[in-house]
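J.: For reference, the file work_26.txt (compact mmCIF, C-alpha atoms and all ligand atoms) is included below:
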```txt
# COMPACT_ATOMS: atom_id res chain seq x y z
CA MET A 1331 -13.50 -34.16 1.63
CA ALA A 1332 -10.45 -31.87 1.89
CA MET A 1333 -7.91 -32.51 -0.87
CA SER A 1334 -4.50 -31.33 -1.98
CA ARG A 1335 -3.93 -29.33 -5.16
CA ILE A 1336 -0.89 -28.11 -7.06
CA LYS A 1337 -0.94 -24.72 -8.81
CA GLU A 1338 1.73 -22.28 -9.84
CA ILE A 1339 -0.08 -19.30 -8.34
CA VAL A 1340 -2.70 -18.80 -5.60
CA VAL A 1341 -4.61 -15.52 -5.57
CA ILE A 1342 -6.27 -14.97 -2.19
CA GLY A 1343 -9.44 -12.83 -2.31
CA GLY A 1344 -12.29 -12.89 -4.84
CA GLY A 1345 -12.88 -9.14 -4.92
CA VAL A 1346 -12.35 -7.01 -7.99
CA ILE A 1347 -8.57 -6.90 -7.43
CA GLY A 1348 -8.06 -10.66 -7.00
CA ALA A 1349 -10.37 -11.42 -9.93
CA SER A 1350 -8.59 -8.94 -12.21
CA ILE A 1351 -5.18 -10.42 -11.30
CA ALA A 1352 -6.41 -13.98 -11.85
CA TYR A 1353 -7.74 -12.96 -15.27
CA GLN A 1354 -4.50 -11.32 -16.38
CA LEU A 1355 -2.44 -14.32 -15.23
CA ALA A 1356 -4.77 -16.84 -16.84
CA LYS A 1357 -4.63 -14.83 -20.08
CA ARG A 1358 -0.86 -15.42 -20.00
CA GLY A 1359 -1.35 -19.16 -19.62
CA ARG A 1360 -0.45 -19.44 -15.94
CA SER A 1361 -1.88 -22.08 -13.62
CA VAL A 1362 -3.95 -20.19 -11.05
CA ALA A 1363 -6.31 -20.86 -8.15
CA LEU A 1364 -8.52 -17.95 -7.06
CA VAL A 1365 -9.52 -18.56 -3.45
CA GLU A 1366 -12.40 -16.69 -1.80
CA ARG A 1367 -13.83 -17.39 1.63
CA GLY A 1368 -17.35 -16.30 0.64
CA ASP A 1369 -18.74 -15.58 -2.81
CA LEU A 1370 -17.18 -13.36 -5.47
CA ALA A 1371 -17.51 -9.66 -4.55
CA PHE A 1372 -18.15 -10.64 -0.93
CA GLY A 1373 -16.19 -7.65 0.44
CA ALA A 1374 -15.93 -4.00 -0.64
CA SER A 1375 -16.31 -4.88 -4.33
CA GLY A 1376 -19.92 -5.87 -3.68
CA ALA A 1377 -20.72 -2.90 -1.42
CA CYS A 1378 -19.48 0.18 -3.22
CA ASP A 1379 -20.21 2.85 -5.79
CA GLN A 1380 -19.71 2.49 -9.53
CA ASP A 1381 -17.37 5.34 -10.36
CA ILE A 1382 -14.26 5.19 -12.49
CA ILE A 1383 -13.45 8.69 -11.44
CA LEU A 1384 -10.13 10.15 -12.47
CA GLN A 1385 -10.69 13.62 -11.03
CA SER A 1386 -10.43 12.41 -7.44
CA LYS A 1387 -6.91 11.06 -7.92
CA ASN A 1388 -3.83 12.87 -6.66
CA PRO A 1389 -1.63 14.28 -9.43
CA GLY A 1390 1.40 12.04 -10.06
CA LEU A 1391 1.57 8.24 -9.71
CA HIS A 1392 -1.98 7.92 -8.33
CA LEU A 1393 -3.50 9.64 -11.35
CA GLN A 1394 -1.09 7.88 -13.75
CA LEU A 1395 -2.40 4.53 -12.48
CA ALA A 1396 -5.98 5.71 -13.01
CA LEU A 1397 -5.24 6.96 -16.53
CA GLU A 1398 -3.60 3.64 -17.48
CA SER A 1399 -6.61 1.82 -16.02
CA ALA A 1400 -9.00 4.05 -17.95
CA ASN A 1401 -7.20 3.05 -21.17
CA ILE A 1402 -7.72 -0.63 -20.38
CA TYR A 1403 -11.40 0.02 -19.61
CA GLU A 1404 -11.98 1.38 -23.14
CA THR A 1405 -11.84 -2.15 -24.60
CA LEU A 1406 -12.50 -4.29 -21.51
CA GLU A 1407 -16.18 -5.12 -22.07
CA PRO A 1408 -15.67 -6.76 -25.51
CA GLU A 1409 -12.49 -8.42 -24.21
CA LEU A 1410 -14.26 -10.02 -21.22
CA GLN A 1411 -17.30 -10.84 -23.40
CA GLN A 1412 -19.74 -10.10 -20.59
CA PRO A 1413 -21.82 -6.97 -19.92
CA ILE A 1414 -20.17 -4.80 -17.23
CA GLU A 1415 -22.25 -1.63 -17.85
CA TYR A 1416 -19.17 0.45 -18.69
CA LYS A 1417 -20.05 3.95 -19.84
CA LYS A 1418 -17.97 7.09 -20.23
CA THR A 1419 -20.19 9.68 -18.59
CA GLY A 1420 -17.91 12.52 -17.54
CA GLY A 1421 -17.97 13.81 -14.01
CA MET A 1422 -17.95 16.87 -11.77
CA ILE A 1423 -16.59 17.88 -8.40
CA ILE A 1424 -18.90 20.44 -6.86
CA ILE A 1425 -17.28 23.40 -5.11
CA GLU A 1426 -19.11 25.17 -2.27
CA THR A 1427 -16.83 27.97 -1.14
CA PRO A 1428 -14.14 30.30 -2.54
CA GLU A 1429 -11.61 28.58 -0.21
CA GLU A 1430 -12.44 25.18 -1.72
CA MET A 1431 -12.17 26.77 -5.19
CA GLU A 1432 -8.58 27.79 -4.39
CA VAL A 1433 -7.69 24.23 -3.28
CA MET A 1434 -9.34 22.74 -6.37
CA ARG A 1435 -7.50 25.14 -8.71
CA GLY A 1436 -4.20 23.76 -7.39
CA PHE A 1437 -5.47 20.16 -7.60
CA VAL A 1438 -6.66 20.64 -11.20
CA LYS A 1439 -3.38 22.28 -12.26
CA GLY A 1440 -1.43 19.22 -11.03
CA GLN A 1441 -3.90 16.85 -12.69
CA ARG A 1442 -3.62 18.62 -16.05
CA GLU A 1443 0.16 18.38 -15.82
CA THR A 1444 -0.22 14.60 -15.26
CA GLY A 1445 -2.34 14.34 -18.42
CA LEU A 1446 -5.99 14.51 -17.34
CA MET A 1447 -8.51 16.53 -19.34
CA VAL A 1448 -10.09 18.59 -16.58
CA GLU A 1449 -11.28 22.17 -16.25
CA ILE A 1450 -12.87 24.56 -13.76
CA LEU A 1451 -16.47 25.56 -14.44
CA ASP A 1452 -18.22 28.62 -12.99
CA ARG A 1453 -21.65 28.38 -11.33
CA GLU A 1454 -23.56 28.92 -14.57
CA GLU A 1455 -21.59 26.36 -16.57
CA ALA A 1456 -21.90 23.80 -13.76
CA GLY A 1457 -25.68 24.41 -13.60
CA LYS A 1458 -25.99 23.68 -17.31
CA LEU A 1459 -24.42 20.23 -16.83
CA GLN A 1460 -26.30 19.26 -13.66
CA ARG A 1461 -29.73 20.53 -12.70
CA GLY A 1462 -30.84 21.05 -9.11
CA LEU A 1463 -27.61 22.52 -7.71
CA ALA A 1464 -28.07 24.72 -4.64
CA GLY A 1465 -27.79 28.49 -5.08
CA HIS A 1466 -24.61 28.80 -3.00
CA ILE A 1467 -22.50 26.47 -5.18
CA VAL A 1468 -19.64 28.54 -6.61
CA GLY A 1469 -18.59 26.18 -9.40
CA ALA A 1470 -17.25 22.74 -10.20
CA THR A 1471 -14.43 20.90 -11.87
CA TYR A 1472 -15.35 18.83 -14.92
CA SER A 1473 -13.62 15.99 -16.75
CA PRO A 1474 -15.07 14.16 -19.78
CA GLN A 1475 -12.86 11.14 -18.94
CA ASP A 1476 -14.80 9.92 -15.88
CA ALA A 1477 -16.88 6.77 -16.36
CA HIS A 1478 -19.11 4.16 -14.73
CA VAL A 1479 -19.03 0.40 -14.40
CA ASN A 1480 -21.14 -2.12 -12.47
CA PRO A 1481 -18.59 -3.34 -9.87
CA ILE A 1482 -20.28 -6.68 -9.14
CA LYS A 1483 -20.70 -7.51 -12.83
CA LEU A 1484 -17.07 -6.46 -13.36
CA THR A 1485 -15.78 -8.78 -10.63
CA LEU A 1486 -17.87 -11.69 -11.94
CA ALA A 1487 -16.75 -11.00 -15.52
CA PHE A 1488 -13.04 -10.97 -14.57
CA ALA A 1489 -13.47 -14.23 -12.67
CA ALA A 1490 -15.50 -15.89 -15.46
CA ALA A 1491 -12.90 -14.88 -18.05
CA ALA A 1492 -10.16 -16.31 -15.80
CA VAL A 1493 -12.06 -19.57 -15.30
CA LYS A 1494 -12.60 -19.82 -19.07
CA ARG A 1495 -8.81 -19.73 -19.42
CA GLY A 1496 -8.23 -22.48 -16.86
CA THR A 1497 -8.25 -20.75 -13.45
CA GLU A 1498 -9.69 -22.87 -10.67
CA LEU A 1499 -12.18 -20.85 -8.60
CA LEU A 1500 -12.52 -22.01 -5.01
CA LEU A 1501 -15.43 -20.29 -3.29
CA HIS A 1502 -16.39 -20.69 0.40
CA THR A 1503 -12.76 -21.55 0.96
CA GLU A 1504 -10.76 -19.56 3.49
CA VAL A 1505 -6.97 -19.39 3.47
CA THR A 1506 -5.90 -20.17 7.03
CA GLY A 1507 -2.12 -20.44 6.73
CA ILE A 1508 0.91 -20.00 4.48
CA LYS A 1509 3.47 -22.75 3.92
CA GLN A 1510 7.07 -21.60 3.49
CA LYS A 1511 10.54 -23.13 3.64
CA GLY A 1512 13.85 -21.29 3.78
CA GLY A 1513 12.19 -17.95 2.97
CA ILE A 1514 10.42 -19.35 -0.09
CA VAL A 1515 6.64 -19.74 -0.57
CA LYS A 1516 5.54 -23.39 -0.73
CA GLY A 1517 1.75 -23.23 -0.54
CA VAL A 1518 -1.40 -22.29 1.36
CA LYS A 1519 -3.57 -24.08 3.88
CA THR A 1520 -7.27 -23.61 3.29
CA THR A 1521 -10.54 -24.84 4.73
CA SER A 1522 -10.79 -27.06 1.61
CA GLY A 1523 -7.29 -28.57 1.86
CA HIS A 1524 -3.74 -27.61 0.94
CA ILE A 1525 -2.62 -26.00 -2.29
CA ASP A 1526 1.07 -26.32 -3.15
CA CYS A 1527 2.25 -23.29 -5.11
CA GLU A 1528 5.25 -21.08 -5.91
CA ILE A 1529 3.52 -17.72 -5.78
CA ILE A 1530 0.88 -16.26 -3.46
CA ILE A 1531 -0.90 -12.97 -4.02
CA ASN A 1532 -2.58 -11.41 -1.02
CA ALA A 1533 -5.54 -9.56 -2.58
CA THR A 1534 -7.80 -9.57 0.47
CA GLY A 1535 -8.51 -5.82 0.62
CA ALA A 1536 -9.27 -4.62 4.15
CA TRP A 1537 -8.46 -8.12 5.48
CA ALA A 1538 -4.91 -8.15 4.03
CA PRO A 1539 -3.35 -7.62 7.52
CA PHE A 1540 -4.75 -11.00 8.68
CA VAL A 1541 -3.04 -12.80 5.80
CA GLY A 1542 0.09 -10.75 6.59
CA HIS A 1543 0.03 -12.04 10.16
CA MET A 1544 0.23 -15.61 8.79
CA ILE A 1545 3.82 -14.79 7.75
CA GLY A 1546 4.58 -12.40 10.63
CA LEU A 1547 4.19 -9.31 8.45
CA GLU A 1548 2.43 -6.08 9.53
CA ILE A 1549 0.52 -4.65 6.58
CA PRO A 1550 -0.58 -1.04 7.16
CA ILE A 1551 -4.15 -1.33 5.88
CA TRP A 1552 -7.25 -0.43 7.92
CA PRO A 1553 -10.95 -0.80 7.10
CA ARG A 1554 -12.62 2.53 6.39
CA ARG A 1555 -16.39 2.19 6.36
CA GLY A 1556 -18.49 3.83 3.66
CA GLN A 1557 -22.28 4.05 3.99
CA ILE A 1558 -24.44 4.56 0.91
CA VAL A 1559 -28.11 5.42 0.34
CA VAL A 1560 -29.95 4.01 -2.69
CA THR A 1561 -33.00 5.76 -4.14
CA GLU A 1562 -35.95 4.49 -6.12
CA GLU A 1563 -35.54 4.25 -9.90
CA VAL A 1564 -36.01 7.63 -11.56
CA PRO A 1565 -35.53 8.93 -15.13
CA PRO A 1566 -31.99 10.20 -15.93
CA TYR A 1567 -31.14 12.84 -13.30
CA VAL A 1568 -27.43 12.65 -12.45
CA MET A 1569 -25.06 13.75 -15.26
CA GLY A 1570 -22.31 11.23 -14.44
CA ASP A 1571 -20.06 10.89 -11.41
CA ILE A 1572 -20.53 13.76 -9.00
CA LEU A 1573 -18.34 14.37 -5.98
CA SER A 1574 -17.94 17.38 -3.72
CA ALA A 1575 -14.67 19.12 -2.94
CA ARG A 1576 -15.23 18.13 0.69
CA TYR A 1577 -14.94 14.48 -0.44
CA ILE A 1578 -11.38 15.22 -1.59
CA VAL A 1579 -10.57 16.79 1.79
CA ALA A 1580 -12.05 13.84 3.73
CA LYS A 1581 -10.24 11.35 1.50
CA TYR A 1582 -6.73 12.72 1.69
CA ASN A 1583 -6.70 14.65 4.96
CA PRO A 1584 -8.43 12.53 7.66
CA ASP A 1585 -6.44 14.42 10.34
CA MET A 1586 -7.98 17.72 9.27
CA ILE A 1587 -11.46 16.48 10.13
CA LYS A 1588 -10.64 14.31 13.13
CA ASP A 1589 -11.27 16.94 15.84
CA CYS A 1590 -14.17 18.69 14.13
CA GLU A 1591 -17.48 18.93 16.05
CA ASP A 1592 -19.83 18.71 13.04
CA PRO A 1593 -21.06 15.07 13.07
CA GLY A 1594 -21.15 14.87 9.26
CA ILE A 1595 -17.60 16.16 8.87
CA LYS A 1596 -16.46 13.88 11.72
CA MET A 1597 -17.85 10.88 9.82
CA GLY A 1598 -16.00 12.05 6.70
CA VAL A 1599 -19.24 12.66 4.81
CA GLY A 1600 -18.53 13.93 1.32
CA LEU A 1601 -20.85 13.84 -1.67
CA SER A 1602 -20.56 10.97 -4.11
CA LEU A 1603 -23.48 10.72 -6.49
CA SER A 1604 -24.17 8.53 -9.50
CA GLN A 1605 -27.11 6.89 -11.21
CA THR A 1606 -27.26 3.23 -12.17
CA LYS A 1607 -28.34 1.93 -15.56
CA LYS A 1608 -31.76 1.03 -14.05
CA GLY A 1609 -32.22 4.54 -12.66
CA ASN A 1610 -31.43 4.16 -8.94
CA ILE A 1611 -29.29 6.96 -7.55
CA PHE A 1612 -26.40 6.01 -5.25
CA ILE A 1613 -25.84 8.71 -2.66
CA GLY A 1614 -22.73 8.45 -0.54
CA ALA A 1615 -20.76 8.34 1.52
CA THR A 1616 -19.14 8.30 4.93
CA ARG A 1617 -15.44 7.60 5.60
CA GLU A 1618 -15.22 6.15 9.10
CA PHE A 1619 -12.70 4.17 11.09
CA VAL A 1620 -14.93 1.79 13.08
CA GLY A 1621 -13.00 -1.46 12.78
CA TYR A 1622 -14.64 -4.26 10.80
CA ASN A 1623 -18.18 -3.06 11.54
CA SER A 1624 -19.96 -2.88 8.17
CA HIS A 1625 -23.43 -1.93 9.39
CA VAL A 1626 -25.24 1.21 8.33
CA THR A 1627 -26.16 3.65 11.08
CA ARG A 1628 -29.10 6.01 11.44
CA GLU A 1629 -26.68 8.88 12.14
CA GLY A 1630 -24.57 8.09 9.07
CA LEU A 1631 -27.55 7.99 6.73
CA LYS A 1632 -29.00 11.18 8.25
CA GLU A 1633 -25.73 13.08 7.75
CA ILE A 1634 -25.35 11.84 4.15
CA LEU A 1635 -28.88 12.95 3.28
CA LYS A 1636 -28.56 16.29 5.12
CA TYR A 1637 -25.34 17.12 3.30
CA THR A 1638 -26.52 15.92 -0.11
CA THR A 1639 -29.77 17.84 -0.06
CA ARG A 1640 -27.87 20.96 1.01
CA LEU A 1641 -25.86 20.71 -2.22
CA MET A 1642 -28.68 19.38 -4.40
CA PRO A 1643 -32.09 20.30 -2.92
CA GLY A 1644 -33.88 18.70 -5.88
CA LEU A 1645 -33.05 15.25 -4.49
CA LYS A 1646 -35.50 15.80 -1.60
CA ASP A 1647 -38.35 14.74 -3.92
CA ILE A 1648 -36.84 11.30 -4.60
CA ASN A 1649 -37.48 8.40 -2.21
CA MET A 1650 -34.75 6.36 -0.57
CA ILE A 1651 -35.39 2.59 -0.79
CA ARG A 1652 -32.39 0.99 0.90
CA SER A 1653 -28.85 1.49 2.17
CA PHE A 1654 -25.64 -0.50 2.57
CA ALA A 1655 -22.08 -0.14 3.81
CA GLY A 1656 -18.71 -1.51 2.75
CA LEU A 1657 -15.14 -1.48 4.08
CA ARG A 1658 -12.55 0.36 2.00
CA PRO A 1659 -8.98 -0.89 2.42
CA TYR A 1660 -7.30 2.32 3.62
CA THR A 1661 -3.53 2.98 3.57
CA PRO A 1662 -1.93 5.99 5.27
CA ASP A 1663 -0.66 7.56 2.02
CA GLY A 1664 -3.75 6.93 -0.11
CA LEU A 1665 -1.91 4.59 -2.51
CA PRO A 1666 -2.37 0.83 -2.83
CA ILE A 1667 0.34 -1.62 -1.81
CA ILE A 1668 1.41 -3.55 -4.91
CA GLY A 1669 4.48 -5.72 -5.31
CA PRO A 1670 6.65 -8.47 -3.87
CA VAL A 1671 7.53 -8.73 -0.18
CA LYS A 1672 11.23 -8.82 0.72
CA GLY A 1673 12.22 -11.83 2.82
CA LEU A 1674 9.60 -14.24 1.47
CA GLU A 1675 10.23 -15.19 -2.13
CA GLY A 1676 7.02 -15.67 -4.09
CA PHE A 1677 4.78 -13.61 -1.78
CA PHE A 1678 3.05 -10.56 -3.30
CA ILE A 1679 0.58 -7.98 -1.98
CA ALA A 1680 -2.07 -6.26 -4.11
CA ALA A 1681 -4.35 -4.50 -1.63
CA GLY A 1682 -5.11 -1.16 -0.02
CA HIS A 1683 -6.92 0.57 -2.90
CA GLU A 1684 -9.18 2.46 -0.46
CA GLY A 1685 -11.94 4.20 -2.46
CA ASP A 1686 -10.30 3.54 -5.84
CA GLY A 1687 -10.27 -0.22 -6.28
CA ILE A 1688 -12.92 -0.35 -8.98
CA ALA A 1689 -11.18 2.35 -10.99
CA LEU A 1690 -7.73 0.81 -10.51
CA SER A 1691 -8.60 -2.90 -10.87
CA PRO A 1692 -7.67 -3.30 -14.56
CA VAL A 1693 -4.25 -1.70 -14.16
CA THR A 1694 -3.56 -3.58 -10.91
CA GLY A 1695 -4.21 -6.90 -12.66
CA ARG A 1696 -1.86 -5.96 -15.47
CA ILE A 1697 0.90 -4.72 -13.13
CA VAL A 1698 0.83 -7.84 -10.94
CA ALA A 1699 0.79 -10.15 -13.96
CA ASP A 1700 3.74 -8.21 -15.43
CA LEU A 1701 5.71 -8.46 -12.17
CA ILE A 1702 5.15 -12.21 -12.00
CA THR A 1703 5.64 -13.14 -15.62
CA GLU A 1704 8.24 -10.58 -16.68
CA GLY A 1705 9.89 -9.50 -13.44
CA LYS A 1706 8.95 -5.86 -14.01
CA ALA A 1707 5.80 -3.90 -14.73
CA PHE A 1708 5.03 -1.86 -17.85
CA MET A 1709 5.16 1.27 -15.67
CA ASP A 1710 7.42 2.05 -12.72
CA VAL A 1711 5.58 0.92 -9.59
CA SER A 1712 8.58 0.45 -7.32
CA ALA A 1713 7.12 3.18 -5.07
CA LEU A 1714 4.08 1.00 -4.34
CA THR A 1715 5.75 -1.86 -2.46
CA ILE A 1716 5.24 -2.29 1.28
CA GLU A 1717 8.89 -1.26 1.79
CA ARG A 1718 7.79 2.39 1.66
CA PHE A 1719 6.25 2.04 5.12
CA LYS A 1720 9.36 0.63 6.76
CA LYS A 1721 10.87 3.03 9.30
CA GLN A 1722 14.08 4.75 8.08
C1 LIG A 1801 -19.01 2.83 0.09
C2 LIG A 1801 -17.92 2.57 -0.89
C3 LIG A 1801 -17.92 3.20 -2.13
C4 LIG A 1801 -16.88 2.96 -3.02
N1 LIG A 1801 -16.96 3.54 -4.27
C5 LIG A 1801 -15.98 3.30 -5.17
C6 LIG A 1801 -16.05 3.85 -6.48
O1 LIG A 1801 -17.02 4.50 -6.85
N2 LIG A 1801 -15.02 3.62 -7.31
C7 LIG A 1801 -13.92 2.89 -6.95
O2 LIG A 1801 -12.99 2.77 -7.74
N3 LIG A 1801 -13.85 2.29 -5.74
C8 LIG A 1801 -14.85 2.49 -4.84
N4 LIG A 1801 -14.79 1.94 -3.61
C9 LIG A 1801 -13.59 1.17 -3.25
C10 LIG A 1801 -13.64 -0.23 -3.78
O3 LIG A 1801 -14.87 -0.83 -3.45
C11 LIG A 1801 -12.49 -1.04 -3.18
O4 LIG A 1801 -11.26 -0.35 -3.32
C12 LIG A 1801 -12.35 -2.39 -3.88
O5 LIG A 1801 -13.60 -3.05 -3.92
C13 LIG A 1801 -11.32 -3.26 -3.17
O6 LIG A 1801 -11.29 -4.49 -3.82
P1 LIG A 1801 -10.47 -5.71 -3.22
O7 LIG A 1801 -10.63 -6.84 -4.16
O8 LIG A 1801 -9.10 -5.24 -2.86
O9 LIG A 1801 -11.16 -5.99 -1.81
P2 LIG A 1801 -12.57 -6.74 -1.49
O10 LIG A 1801 -13.57 -6.49 -2.54
O11 LIG A 1801 -12.92 -6.38 -0.10
O12 LIG A 1801 -12.16 -8.26 -1.60
C14 LIG A 1801 -11.35 -8.92 -0.66
C15 LIG A 1801 -11.87 -10.33 -0.60
O13 LIG A 1801 -10.97 -11.14 0.16
C16 LIG A 1801 -11.74 -12.13 0.81
N5 LIG A 1801 -10.92 -12.71 1.89
C17 LIG A 1801 -10.47 -12.06 2.99
N6 LIG A 1801 -9.73 -12.88 3.74
C18 LIG A 1801 -9.69 -14.09 3.09
C19 LIG A 1801 -9.07 -15.33 3.36
N7 LIG A 1801 -8.31 -15.53 4.45
N8 LIG A 1801 -9.25 -16.36 2.49
C20 LIG A 1801 -10.00 -16.18 1.37
N9 LIG A 1801 -10.61 -15.01 1.05
C21 LIG A 1801 -10.45 -13.97 1.91
C22 LIG A 1801 -12.96 -11.37 1.27
O14 LIG A 1801 -14.04 -12.24 1.55
C23 LIG A 1801 -13.22 -10.45 0.10
O15 LIG A 1801 -14.16 -10.96 -0.82
C24 LIG A 1801 -15.82 2.12 -2.68
C25 LIG A 1801 -15.83 1.44 -1.46
C26 LIG A 1801 -16.87 1.64 -0.57
C27 LIG A 1801 -16.89 0.90 0.72
```
Can you dump the structure from the file as structure tokens?

T.:
Amino acid sequence: MAMSRIKEIVVIGGGVIGASIAYQLAKRGRSVALVERGDLAFGASGACDQDIILQSKNPGLHLQLALESANIYETLEPELQQPIEYKKTGGMIIIETPEEMEVMRGFVKGQRETGLMVEILDREEAGKLQRGLAGHIVGATYSPQDAHVNPIKLTLAFAAAAVKRGTELLLHTEVTGIKQKGGIVKGVKTTSGHIDCEIIINATGAWAPFVGHMIGLEIPIWPRRGQIVVTEEVPPYVMGDILSARYIVAKYNPDMIKDCEDPGIKMGVGLSLSQTKKGNIFIGATREFVGYNSHVTREGLKEILKYTTRLMPGLKDINMIRSFAGLRPYTPDGLPIIGPVKGLEGFFIAAGHEGDGIALSPVTGRIVADLITEGKAFMDVSALTIERFKKQ
């Protein structure tokens, strides 16, 4: 039977972002309900890669967030007291052409200035780190700071640690409405009854706009599908996180590829390669705007495999066993939306992490908990509020 609850804070969305926020708030003794319409990791956090990759982040605030998150990751596994398969592996971005090399030189310069350890490798040096590279590869960037984590185990571990500290976890419970009075949050309506609360955090990833509509707010987040191929288990093959420079172009410049005729480029296919603890290789991914369709397509998988084996022909000898797709929460400027919403006291957004939510989940949890418990975050995140999208 539906019942009424009273909590100080309701976190909507049991993905990695909502779970991380719930954990940080519970750690500070706050009364929290974490509300998820399916199971934990039901959205993108259960249908993604495992990379904590710093090299793909734009120099400046984006990379600063990732560096702060990486610091938290260093001690997160013992802190959560659950295995999350965290490992610092290092990573590479493979460069195919001299033109890409020029772009990456500029990217790396900015990243070094922001504090990342990253360097450019020539063909021979790159080949020593990763076998099986195609002959035409001109080089790579390399950072020893990139790492891996199991995103599902991470989400479950955040949630379990929150529950251990008193958070109430409501699964198979959908938030259907927001209660407010005089511009102040009063609670949420859910499929399992009402919850009276003072603070609501919208951490629903690609679905954040639907929760926004409940208060008449347009949130500029769109689902961006990513398809991934999974191979059979093989002995260690992939050195760490591997991306291609084309991934960076597809990620930050969707307009540049929009009118291109090549089907792979049109689907935003860029290399993203990593190997799980058990030995399966994840080969991704597409970056497509196809609404909330999270199916894999024959064309998508074909283009991923065609592109990947062009860069790493050695992969042709390994069998694919399955595939999946997830919906990244895309924002137009590539940065998440984090912070309070003007006009509705007590309402916060923490969504729109696109392809970076696993990497940025620890720092997002800390920032949101800081904003709520201390009124300001440990780093300046005023540029991340939704206000930045309001027309001048
Ligand atoms: C193919 C692919 C590869 C990726 N690889 C990486 C990577 O290597 N590294 C990285 O850092 N990131 C990666 N990402 C991005 C990462 O997966 C996302 O940024 C992250 O999972 C977003 O987490 P989230 O909690 O914001 O959203 P989600 O995990 O989507 O969680 C949102 C949750 O909200 C719930 N929800 C929605 N509406 C309601 C409602 N009304 N009531 C209750 N619950 C609701 C949903 O059911 C869902 O569980 C990848 C993504 C994809 C798709």

J.: Please tabulate, as CSV, the residues of chain A that come within 6 Å of ligand LIG 1801 (chain A), each with its closest pair of atoms and the distance in Å to one decimal, counting all atoms listed in the file and ordering rows by chain, then residue number upward.

T.:
```
residue,atom,partner,partner_atom,distance
A:Ile1342,CA,A:LIG1801,C20,5.3
A:Gly1343,CA,A:LIG1801,O13,3.4
A:Gly1344,CA,A:LIG1801,O15,4.8
A:Gly1345,CA,A:LIG1801,O7,3.3
A:Val1346,CA,A:LIG1801,O7,4.2
A:Ile1347,CA,A:LIG1801,O7,3.9
A:Gly1348,CA,A:LIG1801,O7,5.4
A:Val1365,CA,A:LIG1801,C20,5.4
A:Glu1366,CA,A:LIG1801,N9,3.8
A:Arg1367,CA,A:LIG1801,C20,4.0
A:Gly1368,CA,A:LIG1801,O14,5.3
A:Ala1371,CA,A:LIG1801,O15,5.2
A:Phe1372,CA,A:LIG1801,O15,4.0
A:Gly1373,CA,A:LIG1801,O11,3.5
A:Ala1374,CA,A:LIG1801,O11,3.9
A:Ser1375,CA,A:LIG1801,O5,3.3
A:Ala1377,CA,A:LIG1801,C27,5.8
A:Cys1378,CA,A:LIG1801,C3,3.6
A:Asp1379,CA,A:LIG1801,N1,3.7
A:Gln1380,CA,A:LIG1801,O1,4.3
A:Asp1381,CA,A:LIG1801,O1,3.6
A:Ile1382,CA,A:LIG1801,N2,5.5
A:Glu1504,CA,A:LIG1801,N8,3.7
A:Val1505,CA,A:LIG1801,N8,3.9
A:Thr1506,CA,A:LIG1801,N7,5.8
A:Ala1533,CA,A:LIG1801,O8,5.6
A:Thr1534,CA,A:LIG1801,O13,3.6
A:Gly1535,CA,A:LIG1801,O8,3.6
A:Ala1536,CA,A:LIG1801,O11,5.9
A:Trp1537,CA,A:LIG1801,C17,5.1
A:Arg1555,CA,A:LIG1801,C27,5.8
A:Gly1556,CA,A:LIG1801,C1,3.7
A:Gln1557,CA,A:LIG1801,C1,5.2
A:Ile1558,CA,A:LIG1801,C1,5.8
A:Ala1615,CA,A:LIG1801,C1,6.0
A:Ala1655,CA,A:LIG1801,C1,5.7
A:Gly1656,CA,A:LIG1801,C27,3.6
A:Leu1657,CA,A:LIG1801,C27,4.5
A:Arg1658,CA,A:LIG1801,C27,4.6
A:Ala1681,CA,A:LIG1801,O8,5.0
A:His1683,CA,A:LIG1801,O4,4.5
A:Glu1684,CA,A:LIG1801,O4,4.5
A:Gly1685,CA,A:LIG1801,C9,3.5
A:Asp1686,CA,A:LIG1801,O2,3.4
A:Gly1687,CA,A:LIG1801,O4,3.1
A:Ile1688,CA,A:LIG1801,O2,3.4
A:Ala1689,CA,A:LIG1801,O2,3.7
```

J.: I need the residue nearest Met1447 (chain A) from this list: A:Gln1412, A:Gln1385, A:Thr1427, A:Ser1712. Use all atoms listed in the file for the distance.

T.: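 Counting all atoms listed in the file, the residue closest to Met1447 (chain A) is A:Gln1385.
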
J.: Under the rule that all atoms listed in the file are counted, which of A:Met1597, A:Ile1551, A:Ala1492, A:Ile1611 is the nearest residue to Gly1682 (chain A)?

T.: A:Ile1551

J.: Tell me, in Å to one decimal, how far CA of Gly1359 (chain A) is from CA of Thr1521 (chain A).

T.: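 Result for CA of Gly1359 (chain A) versus CA of Thr1521 (chain A): 26.6 Å, one decimal.
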
J.: When you count all atoms listed in the file, which of these residues is closest to Leu1641 (chain A): A:Leu1603, A:Lys1483, A:Gln1354, A:Asp1369?

T.: A:Leu1603

J.: Calculate how many Å separate CA of Val1568 (chain A) from CA of Ile1425 (chain A), rounding to one decimal.

T.: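 Rounded to one decimal, the two atoms are 16.5 Å apart.
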